[in-house]
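Novice: See upload_20.txt below, with compact mmCIF, C-alpha atoms.
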```txt
# COMPACT_ATOMS: atom_id res chain seq x y z
CA MET A 243 34.00 -162.89 84.36
CA GLU A 244 31.60 -162.27 87.24
CA GLN A 245 28.99 -159.60 86.55
CA LYS A 246 28.96 -156.86 89.18
CA LEU A 247 26.59 -154.07 90.12
CA LYS A 248 28.39 -150.70 90.05
CA ILE A 249 27.20 -148.17 92.62
CA ALA A 250 28.43 -144.59 93.00
CA ILE A 251 28.43 -142.79 96.34
CA GLN A 252 29.80 -139.51 97.62
CA LYS A 253 33.56 -139.76 98.20
CA ALA A 254 33.54 -137.87 101.51
CA GLY A 255 31.17 -136.33 104.03
CA ARG A 256 28.03 -137.32 105.89
CA LEU A 257 26.31 -138.84 102.86
CA ASN A 258 29.36 -141.05 102.30
CA GLU A 259 29.20 -142.31 105.89
CA ASP A 260 25.45 -142.94 105.80
CA SER A 261 25.66 -144.68 102.42
CA LEU A 262 28.44 -147.02 103.54
CA LYS A 263 26.55 -147.81 106.74
CA LEU A 264 23.46 -148.76 104.72
CA ILE A 265 25.52 -151.00 102.45
CA LYS A 266 27.18 -152.68 105.44
CA ASP A 267 23.83 -153.09 107.22
CA CYS A 268 22.72 -155.03 104.13
CA GLY A 269 25.33 -157.63 105.04
CA ILE A 270 27.81 -156.51 102.38
CA SER A 271 31.45 -156.55 103.51
CA VAL A 272 33.33 -153.50 102.22
CA ASP A 273 36.15 -151.25 103.37
CA ASN A 274 35.57 -147.53 103.94
CA GLY A 275 37.40 -146.68 100.72
CA GLU A 276 39.79 -144.11 102.17
CA ASP A 277 42.10 -142.77 99.45
CA GLN A 278 40.49 -145.10 96.89
CA LEU A 279 38.28 -144.39 93.90
CA LYS A 280 36.84 -147.91 93.63
CA ILE A 281 36.45 -150.93 95.92
CA SER A 282 34.80 -154.33 95.58
CA ALA A 283 32.70 -156.13 98.15
CA ARG A 284 34.02 -159.42 99.49
CA ASN A 285 30.71 -161.27 99.69
CA PHE A 286 28.36 -159.61 97.18
CA PRO A 287 28.80 -158.83 93.46
CA ILE A 288 29.06 -155.07 93.82
CA GLU A 289 31.68 -152.40 93.10
CA ILE A 290 31.57 -149.02 94.84
CA PHE A 291 32.81 -145.87 93.08
CA PHE A 292 33.67 -142.86 95.26
CA LEU A 293 32.85 -139.72 93.27
CA ARG A 294 32.16 -136.03 93.64
CA ASN A 295 28.51 -135.53 94.53
CA SER A 296 27.81 -133.23 91.59
CA ASP A 297 29.28 -135.72 89.08
CA ILE A 298 27.27 -138.74 90.19
CA PRO A 299 24.04 -138.21 88.14
CA GLU A 300 26.04 -137.93 84.90
CA TYR A 301 28.01 -141.09 85.63
CA VAL A 302 24.76 -142.99 86.18
CA GLU A 303 23.10 -141.54 83.08
CA ASP A 304 26.14 -142.45 80.98
CA GLY A 305 26.26 -146.00 82.35
CA VAL A 306 29.65 -145.70 84.07
CA ALA A 307 27.77 -146.55 87.28
CA ASP A 308 24.58 -148.62 87.30
CA ILE A 309 23.09 -147.05 90.42
CA ALA A 310 23.95 -144.40 93.00
CA ILE A 311 23.04 -143.01 96.38
CA ILE A 312 22.75 -139.24 96.13
CA GLY A 313 21.01 -136.27 97.71
CA GLU A 314 17.70 -135.50 96.06
CA ASN A 315 18.71 -131.84 95.89
CA ILE A 316 21.61 -132.66 93.54
CA LEU A 317 19.36 -134.79 91.36
CA ILE A 318 16.85 -131.96 90.99
CA GLU A 319 19.59 -129.46 90.19
CA LYS A 320 21.38 -131.59 87.59
CA LEU A 321 18.26 -132.61 85.61
CA HIS A 322 19.69 -135.93 84.39
CA ASN A 323 17.68 -138.77 82.86
CA VAL A 324 17.79 -141.36 85.63
CA ASP A 325 15.21 -143.29 87.65
CA VAL A 326 14.59 -142.73 91.37
CA LEU A 327 14.15 -146.21 92.83
CA MET A 328 13.51 -145.31 96.46
CA HIS A 329 13.88 -142.69 99.15
CA LEU A 330 16.30 -143.80 101.86
CA GLY A 331 15.25 -141.66 104.83
CA PHE A 332 18.67 -140.27 105.80
CA SER A 333 20.76 -137.17 105.03
CA LYS A 334 17.64 -135.02 105.26
CA CYS A 335 17.90 -131.30 104.58
CA LYS A 336 16.17 -128.42 102.80
CA VAL A 337 16.92 -126.07 99.93
CA SER A 338 15.81 -122.75 101.33
CA LEU A 339 15.83 -119.02 100.81
CA ALA A 340 17.45 -116.94 103.54
CA ILE A 341 17.79 -113.20 104.12
CA PRO A 342 19.72 -111.01 106.60
CA LYS A 343 18.14 -111.43 110.03
CA ASN A 344 17.55 -107.68 110.45
CA GLU A 345 15.47 -107.52 107.26
CA ILE A 346 11.68 -107.55 107.55
CA TYR A 347 10.34 -110.38 105.40
CA THR A 348 7.18 -109.42 103.53
CA GLY A 349 6.52 -112.67 101.66
CA LEU A 350 7.71 -113.95 98.29
CA SER A 351 7.38 -110.51 96.73
CA PHE A 352 10.41 -109.57 98.85
CA PHE A 353 12.64 -111.28 96.26
CA ASN A 354 11.41 -109.30 93.25
CA GLY A 355 14.31 -107.32 91.85
CA LYS A 356 16.76 -108.71 94.41
CA LYS A 357 20.19 -110.28 93.86
CA LEU A 358 20.24 -113.92 94.99
CA ALA A 359 23.41 -115.96 95.52
CA THR A 360 23.22 -119.75 95.21
CA SER A 361 24.94 -123.00 94.32
CA TYR A 362 21.61 -124.24 92.94
CA PRO A 363 20.85 -121.91 90.01
CA ILE A 364 18.53 -124.31 88.14
CA THR A 365 16.51 -125.13 91.25
CA LEU A 366 16.24 -121.45 92.11
CA GLN A 367 15.34 -120.40 88.57
CA GLN A 368 12.56 -123.00 88.44
CA PHE A 369 11.19 -121.76 91.76
CA LEU A 370 11.26 -118.11 90.73
CA LYS A 371 9.53 -118.92 87.45
CA LYS A 372 6.84 -120.93 89.22
CA GLN A 373 6.22 -118.05 91.64
CA ASN A 374 6.32 -115.44 88.83
CA LEU A 375 9.24 -113.63 90.44
CA GLN A 376 12.04 -111.66 88.76
CA ALA A 377 15.44 -111.72 90.46
CA GLU A 378 19.10 -111.68 89.52
CA ILE A 379 20.88 -114.96 90.20
CA HIS A 380 24.59 -115.11 91.09
CA GLU A 381 25.95 -118.65 90.95
CA ILE A 382 28.55 -119.35 93.63
CA SER A 383 30.41 -122.55 94.41
CA GLY A 384 31.42 -122.56 98.03
CA SER A 385 30.37 -120.44 100.97
CA VAL A 386 27.13 -118.95 99.67
CA GLU A 387 26.11 -117.67 103.10
CA ILE A 388 28.76 -114.92 103.12
CA ALA A 389 27.37 -113.27 99.96
CA PRO A 390 25.01 -110.80 101.73
CA ASN A 391 27.74 -109.78 104.19
CA ILE A 392 30.14 -108.76 101.42
CA GLY A 393 27.50 -106.98 99.36
CA LEU A 394 27.35 -109.57 96.58
CA ALA A 395 23.69 -110.45 97.12
CA ASP A 396 20.55 -109.41 99.01
CA ALA A 397 19.63 -112.99 99.90
CA ILE A 398 20.72 -116.57 99.31
CA CYS A 399 19.33 -119.93 98.22
CA ASP A 400 21.24 -122.74 99.88
CA LEU A 401 21.14 -126.14 101.53
CA VAL A 402 19.97 -125.96 105.15
CA SER A 403 20.34 -128.73 107.70
CA THR A 404 20.33 -127.41 111.27
CA GLY A 405 20.35 -123.70 110.37
CA SER A 406 23.43 -123.03 112.50
CA THR A 407 25.50 -121.82 109.53
CA LEU A 408 22.81 -119.30 108.63
CA PHE A 409 22.66 -118.08 112.21
CA LYS A 410 26.43 -117.65 112.43
CA ASN A 411 26.36 -115.51 109.28
CA GLY A 412 23.51 -113.28 110.40
CA LEU A 413 20.87 -114.87 108.17
CA LYS A 414 17.41 -116.32 108.72
CA GLU A 415 15.49 -118.93 106.71
CA VAL A 416 12.27 -117.53 105.27
CA GLU A 417 11.14 -119.94 102.53
CA ILE A 418 11.65 -123.65 101.87
CA ILE A 419 11.92 -124.47 98.17
CA HIS A 420 11.95 -128.22 98.67
CA HIS A 421 12.87 -130.92 101.17
CA SER A 422 15.63 -133.35 100.29
CA GLU A 423 16.96 -136.71 101.46
CA ALA A 424 19.18 -139.46 100.11
CA VAL A 425 17.70 -141.43 97.22
CA LEU A 426 18.73 -144.55 95.32
CA ILE A 427 18.85 -143.90 91.57
CA SER A 428 19.55 -146.11 88.56
CA GLY A 429 20.36 -145.75 84.90
CA LYS A 430 17.91 -146.62 82.14
CA LYS A 431 19.84 -149.45 80.48
CA LEU A 432 20.67 -152.17 82.99
CA THR A 433 21.41 -155.65 81.70
CA PRO A 434 19.26 -158.53 83.00
CA ASP A 435 22.17 -159.83 85.10
CA VAL A 436 22.78 -156.42 86.68
CA GLN A 437 19.05 -155.94 87.24
CA SER A 438 18.94 -159.27 89.06
CA ILE A 439 21.74 -158.18 91.41
CA LEU A 440 20.01 -154.82 91.93
CA ASN A 441 16.75 -156.58 92.86
CA LYS A 442 18.61 -158.50 95.58
CA LEU A 443 20.19 -155.30 96.89
CA VAL A 444 16.85 -153.45 96.95
CA PHE A 445 15.31 -156.37 98.86
CA ARG A 446 18.03 -156.06 101.50
CA ILE A 447 17.72 -152.28 101.67
CA ASN A 448 13.98 -152.54 102.23
CA ALA A 449 14.59 -154.96 105.10
CA VAL A 450 17.13 -152.60 106.69
CA LEU A 451 14.95 -149.50 106.31
CA ALA A 452 11.87 -151.29 107.66
CA ALA A 453 13.89 -152.29 110.73
CA ARG A 454 15.12 -148.74 111.26
CA ASN A 455 11.57 -147.39 111.09
CA ASN A 456 10.04 -149.87 113.53
CA LYS A 457 10.60 -151.25 117.02
CA TYR A 458 9.68 -154.62 118.55
CA ILE A 459 7.51 -154.16 121.62
CA LEU A 460 6.62 -156.59 124.41
CA LEU A 461 4.14 -155.78 127.18
CA ASN A 462 1.93 -157.35 129.80
CA ILE A 463 -1.77 -156.57 129.66
CA PRO A 464 -4.98 -157.69 131.45
CA ASN A 465 -6.91 -160.10 129.26
CA ASP A 466 -9.96 -157.84 129.22
CA LYS A 467 -7.83 -155.08 127.62
CA ILE A 468 -6.33 -157.20 124.82
CA GLU A 469 -8.82 -156.08 122.17
CA GLU A 470 -8.05 -152.42 122.90
CA VAL A 471 -4.34 -153.08 122.50
CA ILE A 472 -4.89 -155.00 119.25
CA LEU A 473 -6.70 -151.98 117.82
CA LEU A 474 -3.81 -149.78 118.90
CA LEU A 475 -1.00 -152.11 117.80
CA PRO A 476 -2.07 -154.20 114.83
CA GLY A 477 1.54 -155.24 114.09
CA MET A 478 2.57 -156.66 110.72
CA ASN A 479 -0.48 -158.96 110.60
CA SER A 480 -1.66 -159.27 114.18
CA PRO A 481 0.09 -159.22 117.58
CA THR A 482 1.42 -162.38 119.21
CA ILE A 483 -0.38 -163.13 122.50
CA LEU A 484 0.97 -165.54 125.12
CA PRO A 485 -0.67 -166.38 128.48
CA LEU A 486 1.21 -165.41 131.65
CA ALA A 487 1.46 -167.40 134.87
CA LYS A 488 -0.35 -164.47 136.49
CA LYS A 489 -4.04 -165.26 136.16
CA GLY A 490 -6.01 -162.95 133.88
CA TRP A 491 -2.92 -161.52 132.19
CA SER A 492 -1.16 -162.08 128.87
CA SER A 493 2.07 -161.04 127.23
CA LEU A 494 1.59 -159.27 123.92
CA HIS A 495 4.32 -158.91 121.26
CA SER A 496 4.05 -156.58 118.28
CA VAL A 497 5.81 -154.03 116.07
CA ILE A 498 5.48 -150.30 116.58
CA SER A 499 6.35 -147.51 114.17
CA GLU A 500 9.21 -145.24 115.23
CA LYS A 501 7.16 -142.19 114.16
CA GLU A 502 4.28 -143.11 116.48
CA PHE A 503 6.42 -144.49 119.30
CA TRP A 504 5.76 -142.14 122.22
CA GLN A 505 2.14 -141.54 121.27
CA LYS A 506 1.50 -145.31 121.30
CA ILE A 507 3.43 -145.83 124.55
CA ASP A 508 1.33 -143.18 126.31
CA ALA A 509 -1.85 -144.81 125.01
CA LEU A 510 -0.71 -148.28 126.12
CA LYS A 511 0.03 -147.07 129.64
CA ALA A 512 -3.39 -145.43 129.78
CA ILE A 513 -5.03 -148.74 128.82
CA GLY A 514 -3.20 -150.55 131.62
CA ALA A 515 -0.13 -152.08 129.97
CA GLU A 516 2.77 -152.95 132.29
CA GLY A 517 6.35 -154.15 131.88
CA ILE A 518 6.71 -152.54 128.46
CA LEU A 519 9.94 -153.54 126.70
CA VAL A 520 11.05 -151.95 123.43
CA ILE A 521 13.73 -153.70 121.37
CA PRO A 522 15.53 -152.49 118.22
CA ILE A 523 14.97 -154.64 115.11
CA GLU A 524 18.09 -155.57 113.17
CA LYS A 525 16.35 -156.62 109.95
CA MET A 526 12.68 -156.78 108.98
CA VAL A 527 11.87 -159.00 106.00
CA MET A 528 8.36 -158.43 104.75
```
Just dump the structure as structure tokens.
Specialist:
Amino acid sequence: MEQKLKIAIQKAGRLNEDSLKLIKDCGISVDNGEDQLKISARNFPIEIFFLRNSDIPEYVEDGVADIAIIGENILIEKLHNVDVLMHLGFSKCKVSLAIPKNEIYTGLSFFNGKKLATSYPITLQQFLKKQNLQAEIHEISGSVEIAPNIGLADAICDLVSTGSTLFKNGLKEVEIIHHSEAVLISGKKLTPDVQSILNKLVFRINAVLAARNNKYILLNIPNDKIEEVILLLPGMNSPTILPLAKKGWSSLHSVISEKEFWQKIDALKAIGAEGILVIPIEKMVM
């Protein structure tokens, strides 16, 4: 019987979509799993379990799933004994404290003696303890943001993405407890065969994430400016430089970080670069 790597992902929602896209970008052929609890890939030894987000850490800890893609916020809240293999850079959000927008926020001491509604009681309790604050915690599953409006709480601790839900409910974010993004986690007791498959998957994921975080750039530059460009764009090892038919000019090819993109482009134009082309990278194997 063929050994397979078992991965758990969220059964619905944005994290489900982003997780499946990552898996597919790794060259693994899978269906979207609509109305299914488990599917197998057609060209890679992997099975995907579609589970409730809050249940995933326990399934991994118990060995039902070998690995999982899950929001870091859930992992912190559930306190399970699993390993975080890598941060994946998508599904970013915050766990934050918010208060009614007409309240005057006076700092963390504002929360002393207050009633706080949350779906993250452990995360909130740890934060309050660290900050030496005393508050009453009301655990709610569901629409936490309505709690102040119905008199259940003075403030809330909840997941914040764009902040639009807070705004619609007359709340404002005042403190960030921690930032969160999707992470790849694994159990503690993987067999050698499963670990070997996982190593191959991690290799592919790294190639996909590196490509997402970088762009391939081509530009024309006067030869006397090449050294300045090399200092600005070192590339993976060093830029590729090819002579142009135009005397005194060369074409330079390199890789540029997505985070530094516009800053570098402005600097290149100031140096004298022309004909700048920026191309997405599909995969980037280091």
Novice: Considering all atoms listed in the file, state which residue in the set A:Val402, A:Ala509, A:Glu469, A:Pro464 is at the smallest distance from Gly490 in chain A.
Specialist: A:Pro464
Novice: Please identify every residue of range 280-378 of chain A that has at least one atom no farther than 10 Å from an atom of range 448-457 of chain A, counting all atoms listed in the file, and for each give the shortest atom pair and the distance in Å to one decimal, arranged by chain then increasing number, as CSV.
Specialist:
```
residue,atom,partner,partner_atom,distance
A:Met328,CA,A:Asn448,CA,9.3
A:His329,CA,A:Leu451,CA,9.9
A:Leu330,CA,A:Leu451,CA,7.4
A:Gly331,CA,A:Leu451,CA,8.0
A:Phe332,CA,A:Leu451,CA,10.0
```
Novice: Which polymer residues, whether protein, DNA or RNA, lie within 9 Å of the coordinate (13.8, -112.8, 100.1) when you count only C-alpha atoms? List them as a ChimeraX atom specification, using the chain letters and numbers from the file.
Specialist: /A:339-342,347-354,356,358,396-398,416-417
Novice: For the atom pair CA of Val326 in chain A and CA of Lys280 in chain A, what is the interatomic distance in Å to one decimal place?
Specialist: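 Between CA of Val326 in chain A and CA of Lys280 in chain A the gap is 23.0 Å.
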Novice: Let me make sure I understand: among A:Leu510, A:Met528, A:Ile346, A:Ile459, which one has the smallest atom-to-atom distance to Val497 in chain A if we use only C-alpha atoms?
Specialist: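 Residue with the minimum atom-to-atom distance to Val497 in chain A: A:Ile459.
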Novice: Please measure the separation of CA of Asn295 in chain A and CA of Ile251 in chain A, giving the value in Å to one decimal.
Specialist: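 Separation of CA of Asn295 in chain A and CA of Ile251 in chain A: 7.5 Å.
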Novice: Could you check which of A:Val337, A:Asn441, A:Gln376, A:Leu262 is closest to Gly355 in chain A, using all atoms listed in the file?
Specialist: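 For Gly355 in chain A, the nearest of the given residues is A:Gln376.
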Novice: Point out the residue among A:Phe445, A:Gly514, A:Asp435, A:Ser493 with the least atom-to-atom distance to Glu470 in chain A, counting only C-alpha atoms.
Specialist: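 Checking each of A:Phe445, A:Gly514, A:Asp435, A:Ser493 against Glu470 in chain A, counting only C-alpha atoms, the winner is A:Gly514.
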Novice: Just to confirm, what's the straight-line distance from CA of Val436 in chain A to CA of Leu264 in chain A in Å (one decimal)?
Specialist: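 Computing the Euclidean distance for CA of Val436 in chain A and CA of Leu264 in chain A yields 19.6 Å.
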Novice: Near Pro522 in chain A, counting all atoms listed in the file, which residues have an atom at most 7 Å away, once you skip same-chain residues fewer than 2 positions from it, shown as a list of chain:residue names?
Specialist: A:Lys457, A:Tyr458, A:Val520, A:Glu524
Novice: Go ahead and dump the residues you just picked, C-alpha atoms, as a PDB file, keeping the file's coordinate frame.
Specialist:
```pdb
ATOM      1  CA  LYS A 457      10.600-151.250 117.020  1.00  0.00           C
ATOM      2  CA  TYR A 458       9.680-154.620 118.550  1.00  0.00           C
ATOM      3  CA  VAL A 520      11.050-151.950 123.430  1.00  0.00           C
ATOM      4  CA  GLU A 524      18.090-155.570 113.170  1.00  0.00           C
TER       5      GLU A 524
END
```
Novice: Pick out the closest residue to Glu289 in chain A from this set: A:Leu247, A:Ala307, A:Val386, A:Leu394. Count only C-alpha atoms.
Specialist: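 The closest residue to Glu289 in chain A is A:Leu247.
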